[in-house]
file input37.txt (compact mmCIF, C-alpha atoms)
# COMPACT_ATOMS: atom_id res chain seq x y z
CA MET A 94 99.30 82.63 44.93
CA ILE A 95 96.47 85.12 44.56
CA ASP A 96 97.14 88.38 42.78
CA ASP A 97 97.32 90.68 45.79
CA PRO A 98 97.25 94.27 44.55
CA LEU A 99 99.28 95.66 47.44
CA ILE A 100 102.04 93.10 46.96
CA ALA A 101 101.99 93.52 43.19
CA ALA A 102 102.35 97.29 43.59
CA MET A 103 105.47 97.12 45.77
CA THR A 104 108.46 98.93 44.29
CA ILE A 105 111.65 97.18 45.36
CA ASP A 106 114.76 99.04 44.26
CA ARG A 107 117.20 96.68 45.94
CA THR A 108 116.42 93.14 47.09
CA LEU A 109 117.43 92.57 50.70
CA PRO A 110 117.39 89.36 52.78
CA LEU A 111 114.09 90.46 54.35
CA HIS A 112 112.47 90.66 50.91
CA GLU A 113 113.46 87.06 50.23
CA SER A 114 112.34 85.86 53.65
CA SER A 115 109.04 87.70 53.35
CA ARG A 116 108.39 86.09 49.97
CA ARG A 117 108.86 82.66 51.52
CA LEU A 118 106.52 83.61 54.36
CA ARG A 119 103.88 84.74 51.86
CA ASP A 120 104.19 81.36 50.14
CA LEU A 121 103.04 79.63 53.33
CA TYR A 122 99.47 80.78 52.61
CA PRO A 123 99.21 81.38 48.86
CA GLN A 124 95.48 82.05 49.19
CA SER A 125 96.13 84.80 51.76
CA PRO A 126 99.74 85.97 51.34
CA ARG A 127 99.57 88.78 53.90
CA VAL A 128 99.00 86.39 56.81
CA TYR A 129 102.68 85.89 57.65
CA GLY A 130 104.68 88.15 55.34
CA VAL A 131 105.82 91.67 56.10
CA ALA A 132 106.51 94.64 53.87
CA VAL A 133 109.40 97.07 53.85
CA LEU A 134 107.79 100.46 54.32
CA ALA A 135 109.98 102.10 51.68
CA ASP A 136 108.51 99.75 49.05
CA VAL A 137 104.82 100.57 49.53
CA SER A 138 102.48 103.50 49.15
CA PRO A 139 101.84 105.12 52.55
CA ARG A 140 98.06 105.12 51.93
CA LYS A 141 96.23 103.28 54.74
CA TRP A 142 99.47 102.64 56.63
CA TRP A 143 100.11 104.04 60.09
CA PRO A 144 102.81 103.58 62.76
CA LEU A 145 101.89 101.00 65.38
CA GLN A 146 103.28 103.37 67.99
CA SER A 147 100.32 105.67 67.35
CA ALA A 148 98.07 102.96 68.82
CA VAL A 149 99.58 103.93 72.16
CA THR A 150 99.83 107.70 71.70
CA THR A 151 96.51 108.45 69.96
CA ASP A 152 92.88 107.29 70.09
CA ARG A 153 93.34 104.74 67.27
CA LEU A 154 93.00 101.74 69.58
CA GLN A 155 89.89 103.24 71.17
CA LEU A 156 88.31 103.65 67.74
CA MET A 157 89.24 100.11 66.72
CA PHE A 158 87.81 98.71 69.93
CA SER A 159 84.57 100.67 69.47
CA ARG A 160 84.23 99.39 65.91
CA VAL A 161 84.82 95.74 66.85
CA SER A 162 82.59 95.89 69.93
CA ALA A 163 79.72 97.15 67.75
CA ASP A 164 79.51 93.61 66.32
CA MET A 165 80.10 91.56 69.49
CA ASP A 166 80.29 91.80 73.25
CA GLN A 167 83.10 93.89 74.70
CA ARG A 168 85.02 90.94 76.11
CA GLY A 169 85.03 89.21 72.74
CA ALA A 170 86.04 92.45 71.04
CA ALA A 171 88.97 92.96 73.42
CA ARG A 172 90.19 89.39 72.89
CA GLU A 173 89.92 89.71 69.12
CA LEU A 174 91.78 93.00 69.07
CA ALA A 175 94.45 91.58 71.40
CA SER A 176 94.87 88.58 69.08
CA THR A 177 95.26 90.88 66.08
CA LEU A 178 97.96 92.92 67.81
CA ILE A 179 99.73 89.78 69.01
CA HIS A 180 99.81 88.25 65.55
CA THR A 181 101.13 91.53 64.14
CA VAL A 182 103.98 91.69 66.66
CA VAL A 183 104.70 88.05 67.57
CA GLY A 184 103.00 85.65 65.17
CA ARG A 185 104.70 86.93 62.04
CA VAL A 186 108.23 87.14 63.42
CA VAL A 187 108.05 83.78 65.22
CA ALA A 188 107.10 82.21 61.89
CA LEU A 189 110.39 83.46 60.45
CA VAL A 190 112.37 82.46 63.55
CA VAL A 191 111.16 78.84 63.45
CA LEU A 192 111.46 78.61 59.66
CA GLU A 193 114.78 80.31 58.92
CA GLY A 194 116.42 81.37 62.19
CA ARG A 195 116.00 85.01 61.19
CA ALA A 196 114.08 87.93 62.71
CA TRP A 197 113.28 91.56 62.02
CA ASP A 198 113.05 94.18 64.75
CA THR A 199 109.60 94.13 66.39
CA GLY A 200 110.23 97.31 68.34
CA LEU A 201 107.18 99.56 68.54
CA GLU A 202 108.99 102.34 66.68
CA ASN A 203 109.88 99.99 63.79
CA LEU A 204 106.45 98.52 63.05
CA TRP A 205 103.73 99.97 60.83
CA VAL A 206 100.39 98.39 60.01
CA HIS A 207 98.07 98.47 57.03
CA ILE A 208 94.31 98.63 57.51
CA ASP A 209 91.68 97.17 55.20
CA PHE A 210 88.41 98.74 54.10
CA ASP A 211 86.72 98.26 57.48
CA GLY A 212 89.64 99.52 59.55
CA SER A 213 91.10 96.16 60.59
CA ILE A 214 94.84 95.43 60.53
CA ASP A 215 95.61 93.09 57.65
CA TRP A 216 99.34 93.55 57.04
CA ALA A 217 102.49 94.68 58.79
CA GLY A 218 105.56 96.57 57.64
CA VAL A 219 108.94 97.57 59.01
CA VAL A 220 110.85 100.83 58.72
CA ASP A 221 114.26 99.21 59.21
CA PRO A 222 114.53 96.05 57.07
CA THR A 223 117.65 94.76 58.84
CA VAL A 224 117.39 91.06 59.72
CA ARG A 225 119.19 89.32 62.56
CA ALA A 226 120.36 85.84 61.58
CA LEU A 227 122.21 82.83 62.93
CA PRO A 228 125.88 82.17 62.16
CA ASP A 229 125.02 79.31 59.77
CA ASP A 230 122.80 81.53 57.61
CA PRO A 231 123.80 81.07 53.93
CA CYS A 232 124.47 84.79 53.61
CA PHE A 233 127.40 84.55 56.04
CA ALA A 234 129.81 83.11 53.51
CA ARG A 235 132.93 85.13 54.26
CA ALA A 236 135.71 83.55 56.28
CA ASP A 237 135.37 86.19 59.01
CA GLY A 238 131.68 85.36 59.43
CA GLU A 239 130.48 88.75 58.24
CA SER A 240 127.54 89.05 55.88
CA VAL A 241 128.12 89.17 52.16
CA ARG A 242 124.76 90.95 51.89
CA ASP A 243 123.46 94.26 53.18
CA GLY A 244 120.53 94.16 55.58
CA LEU A 245 121.76 91.20 57.64
CA VAL A 246 123.38 91.17 61.09
CA ARG A 247 124.91 88.07 62.66
CA VAL A 248 123.91 87.05 66.18
CA PRO A 249 126.12 84.58 68.06
CA SER A 250 123.59 81.83 68.74
CA GLU A 251 119.99 80.67 68.55
CA ALA A 252 119.54 81.49 72.23
CA ALA A 253 120.78 85.05 71.66
CA LEU A 254 118.44 85.54 68.68
CA ILE A 255 115.37 84.27 70.50
CA THR A 256 116.13 86.23 73.68
CA TRP A 257 116.44 89.42 71.61
CA VAL A 258 113.17 88.72 69.77
CA ALA A 259 111.36 87.94 73.02
CA HIS A 260 112.66 91.14 74.61
CA ARG A 261 111.59 93.33 71.69
CA CYS A 262 108.15 91.69 71.52
CA HIS A 263 107.76 92.05 75.28
CA ARG A 264 108.47 95.78 75.26
CA THR A 265 106.13 96.40 72.32
CA LEU A 266 103.23 94.34 73.61
CA GLU A 267 103.59 95.68 77.13
CA SER A 268 102.65 99.15 75.88
CA LEU A 269 99.89 97.90 73.57
CA PHE A 270 98.33 95.69 76.24
CA ALA A 271 98.28 98.53 78.76
CA LYS A 272 96.50 100.78 76.26
CA LEU A 273 94.01 98.09 75.23
CA HIS A 274 93.30 97.27 78.88
CA MET A 275 92.52 100.93 79.47
CA VAL A 276 90.29 101.55 76.44
CA SER A 277 88.36 98.31 77.04
CA ALA A 278 87.81 99.12 80.74
CA GLY A 279 89.71 95.98 81.76
CA VAL A 280 87.19 93.45 80.40
CA VAL A 281 90.13 91.17 79.55
CA SER A 282 93.07 91.00 81.92
CA ILE A 283 96.62 91.66 80.77
CA ALA A 284 97.52 88.18 82.04
CA THR A 285 94.96 86.71 79.64
CA MET A 286 96.55 88.65 76.79
CA TRP A 287 99.91 87.08 77.60
CA HIS A 288 98.26 83.65 77.63
CA ILE A 289 97.15 84.39 74.07
CA VAL A 290 100.76 85.21 73.21
CA GLY A 291 101.74 81.73 74.34
CA SER A 292 99.02 80.24 72.14
CA VAL A 293 100.23 82.26 69.15
CA VAL A 294 103.80 81.03 69.62
CA VAL A 295 102.57 77.43 69.71
CA THR A 296 100.41 78.01 66.63
CA ALA A 297 103.32 79.40 64.60
CA ALA A 298 105.79 76.76 65.79
CA THR A 299 103.32 74.02 64.82
CA GLN A 300 101.79 75.33 61.61
CA VAL A 301 104.82 76.79 59.88
CA PRO A 302 106.91 73.60 59.47
CA GLN A 303 103.82 71.75 58.28
CA LEU A 304 103.06 74.42 55.70
CA ALA A 305 106.68 74.77 54.58
CA GLY A 306 107.62 71.09 54.75
CA SER A 307 110.53 72.01 57.02
CA ASP A 308 112.07 70.42 60.12
CA GLU A 309 109.41 70.12 62.82
CA LEU A 310 111.89 69.36 65.60
CA THR A 311 113.80 72.58 64.96
CA ALA A 312 110.56 74.55 64.96
CA MET A 313 109.48 72.84 68.18
CA ARG A 314 112.79 73.66 69.85
CA ARG A 315 112.65 77.30 68.81
CA GLY A 316 109.02 77.63 69.88
CA GLN A 317 109.90 76.18 73.27
CA ALA A 318 112.85 78.57 73.57
CA MET A 319 110.62 81.54 72.77
CA LEU A 320 108.19 80.56 75.53
CA ASP A 321 111.11 80.03 77.92
CA ALA A 322 112.49 83.50 77.15
CA LEU A 323 109.12 85.19 77.67
CA ALA A 324 108.59 83.25 80.88
CA ARG A 325 111.99 84.40 82.16
CA PHE A 326 110.73 87.96 81.81
CA GLY A 327 107.98 87.01 84.25
CA LEU A 328 105.23 86.84 81.62
CA PRO A 329 102.37 84.33 82.07
CA VAL A 330 102.58 82.70 78.64
CA ARG A 331 102.02 79.21 80.03
CA GLY A 332 99.43 77.64 82.25
CA ARG A 333 95.73 78.19 81.70
CA SER A 334 94.88 77.34 78.11
CA VAL A 335 93.05 79.81 75.90
CA SER A 336 91.16 79.36 72.68
CA ARG A 337 93.43 79.49 69.68
CA PRO A 338 93.27 82.92 68.01
CA ARG A 339 92.01 83.15 64.45
CA LEU A 340 95.07 84.20 62.48
CA CYS A 341 94.08 83.25 58.95
CA PRO A 342 90.98 82.33 56.92
CA LYS A 343 91.59 78.57 57.05
CA PRO A 344 93.89 77.77 59.99
CA CYS A 345 95.52 74.35 60.19
CA GLU A 346 94.73 72.14 63.14
CA ILE A 347 97.33 72.21 65.88
CA ARG A 348 98.74 68.80 66.60
CA THR A 349 97.92 67.52 70.05
CA ALA A 350 101.28 65.73 70.08
CA LEU A 351 103.15 68.88 71.08
CA PRO A 352 102.23 69.36 74.75
CA MET A 353 105.84 70.17 75.62
CA LEU A 354 105.37 73.64 74.14
CA PHE A 355 102.87 74.45 76.86
CA THR A 356 105.05 73.29 79.72
CA SER A 357 108.09 74.63 81.46
CA SER A 358 111.50 73.33 80.48
CA ASP A 359 112.49 73.14 84.16

call {"tool": "encode", "arguments": {"input": "input37.txt", "output": "structure tokens"}}
result
Amino acid sequence: MIDDPLIAAMTIDRTLPLHESSRRLRDLYPQSPRVYGVAVLADVSPRKWWPLQSAVTTDRLQLMFSRVSADMDQRGAARELASTLIHTVVGRVVALVVLEGRAWDTGLENLWVHIDFDGSIDWAGVVDPTVRALPDDPCFARADGESVRDGLVRVPSEAALITWVAHRCHRTLESLFAKLHMVSAGVVSIATMWHIVGSVVVTAATQVPQLAGSDELTAMRRGQAMLDALARFGLPVRGRSVSRPRLCPKPCEIRTALPMLFTSSD
């Protein structure tokens, strides 16, 4: 694990389930621990953090698009910025869903992002650290099924958890995609952005169990369920393949033996 100054500077007064989950997510990429982990906003200095909601309500996204498009063509810039937003909203939380059956709230009002020296998003944080978890989560040790820990809420089933995550991601990305489509003059269609979402789900469901040494079949099932839930909302996350987004400095190769994740469960 590299000595990341932002992580080292976090001040955690009370360890919550999200802190423990985030630590395990950071361990997936020790050389780049911000790739999958999230921060609790109360633990960090507000410097260089801003609410993701302001990407919709201010000119932040326009400025980011202008900066990225200065180094490449506008279509490439729009795709790269879409991939960054998708990883912030979907890629991180799906990693936790497939690994631990847990999820934080990806609602637009709950997410903040940290920017690096050149204005790019390099980390995500949450205002509310409450985690939704499955009934067999180790923290649900009481006979009545309630949590013995603060910051954890029980959901009745895996299907309920994934449907909730998909719904929250859908609502957040719907607003971000509309804004990006507008500031980029429509050089990349919103349908293409949803195709990238499908690719990100597959990437997380494939890479995470390999990196963690965890059950690949469980991750596959949860990845498939996430795509199913998004598809039920009428979102084009399957079909035409897209190039895999660059989510980390040294991404693992996606196994070609998982075509079922790209297909309908019908």

call {"tool": "closest_residue", "arguments": {"input": "input37.txt", "among": "A:Ala305, A:Leu109, A:Leu245, A:Ile283", "to": "Ser268 (chain A)", "atoms": "only C-alpha atoms"}}
result
A:Ile283

call {"tool": "residues_around", "arguments": {"input": "input37.txt", "residues": "region 185-192 of chain A", "least_positions_apart": "3", "cutoff": "7 Å", "atoms": "only C-alpha atoms", "output": "PyMOL selection string"}}
result
chain A and resi 129-130+180-182+195-197+294+297-298+301-302+311-312+315-316

call {"tool": "atom_distance", "arguments": {"input": "input37.txt", "atom1": "CA of Ser282 (chain A)", "atom2": "CA of Ala175 (chain A)"}}
result
10.6 Å

call {"tool": "atom_distance", "arguments": {"input": "input37.txt", "atom1": "CA of Gln155 (chain A)", "atom2": "CA of His260 (chain A)"}}
result
26.0 Å

call {"tool": "closest_residue", "arguments": {"input": "input37.txt", "among": "A:Asp211, A:Asp321, A:Asp308, A:Glu202", "to": "Arg264 (chain A)", "atoms": "all atoms listed in the file"}}
result
A:Glu202

call {"tool": "closest_residue", "arguments": {"input": "input37.txt", "among": "A:Asp221, A:Glu173, A:Asp96, A:Asp229", "to": "Val281 (chain A)", "atoms": "all atoms listed in the file"}}
result
A:Glu173

call {"tool": "atom_distance", "arguments": {"input": "input37.txt", "atom1": "CA of Met286 (chain A)", "atom2": "CA of Val161 (chain A)"}}
result
16.9 Å

call {"tool": "residues_near_point", "arguments": {"input": "input37.txt", "point": "(100.0, 98.2, 77.8)", "cutoff": "12 Å", "atoms": "only C-alpha atoms", "output": "list of chain:residue names"}}
result
A:Gln146, A:Ala148, A:Val149, A:Thr150, A:Leu154, A:Ala175, A:Leu178, A:Leu201, A:His263, A:Arg264, A:Thr265, A:Leu266, A:Glu267, A:Ser268, A:Leu269, A:Phe270, A:Ala271, A:Lys272, A:Leu273, A:His274, A:Met275, A:Val276, A:Ser277, A:Gly279, A:Ser282, A:Ile283, A:Ala284, A:Met286, A:Trp287

call {"tool": "residues_around", "arguments": {"input": "input37.txt", "residues": "Arg127 (chain A)", "least_positions_apart": "6", "cutoff": "10 Å", "atoms": "only C-alpha atoms", "output": "JSON, numbers by chain"}}
result
{"A": [97, 99, 100, 115, 118, 119, 120, 121, 185, 215, 216, 217, 341]}

call {"tool": "closest_residue", "arguments": {"input": "input37.txt", "among": "A:Arg314, A:Arg117, A:His112, A:Arg172", "to": "Val224 (chain A)", "atoms": "only C-alpha atoms"}}
result
A:His112

call {"tool": "closest_residue", "arguments": {"input": "input37.txt", "among": "A:Leu310, A:Leu254, A:Cys232, A:Val290", "to": "Asp198 (chain A)", "atoms": "only C-alpha atoms"}}
result
A:Leu254

call {"tool": "residues_around", "arguments": {"input": "input37.txt", "residues": "Val206 (chain A)", "least_positions_apart": "6", "cutoff": "7 Å", "atoms": "all atoms listed in the file", "output": "MDAnalysis selection string"}}
result
chainID A and resid 142:145 214 216:218

call {"tool": "residues_around", "arguments": {"input": "input37.txt", "residues": "Arg160 (chain A)", "least_positions_apart": "3", "cutoff": "12 Å", "atoms": "all atoms listed in the file", "output": "MDAnalysis selection string"}}
result
chainID A and resid 153:157 163:167 170:171 173:174 211:213 277

call {"tool": "axis_aligned_box", "arguments": {"input": "input37.txt", "around": "region 279-285 of chain A", "padding_each_side": "5 Å", "output": "lines of an AutoDock Vina configuration file"}}
result
center_x = 92.4
center_y = 91.3
center_z = 80.8
size_x = 20.3
size_y = 19.3
size_z = 12.5
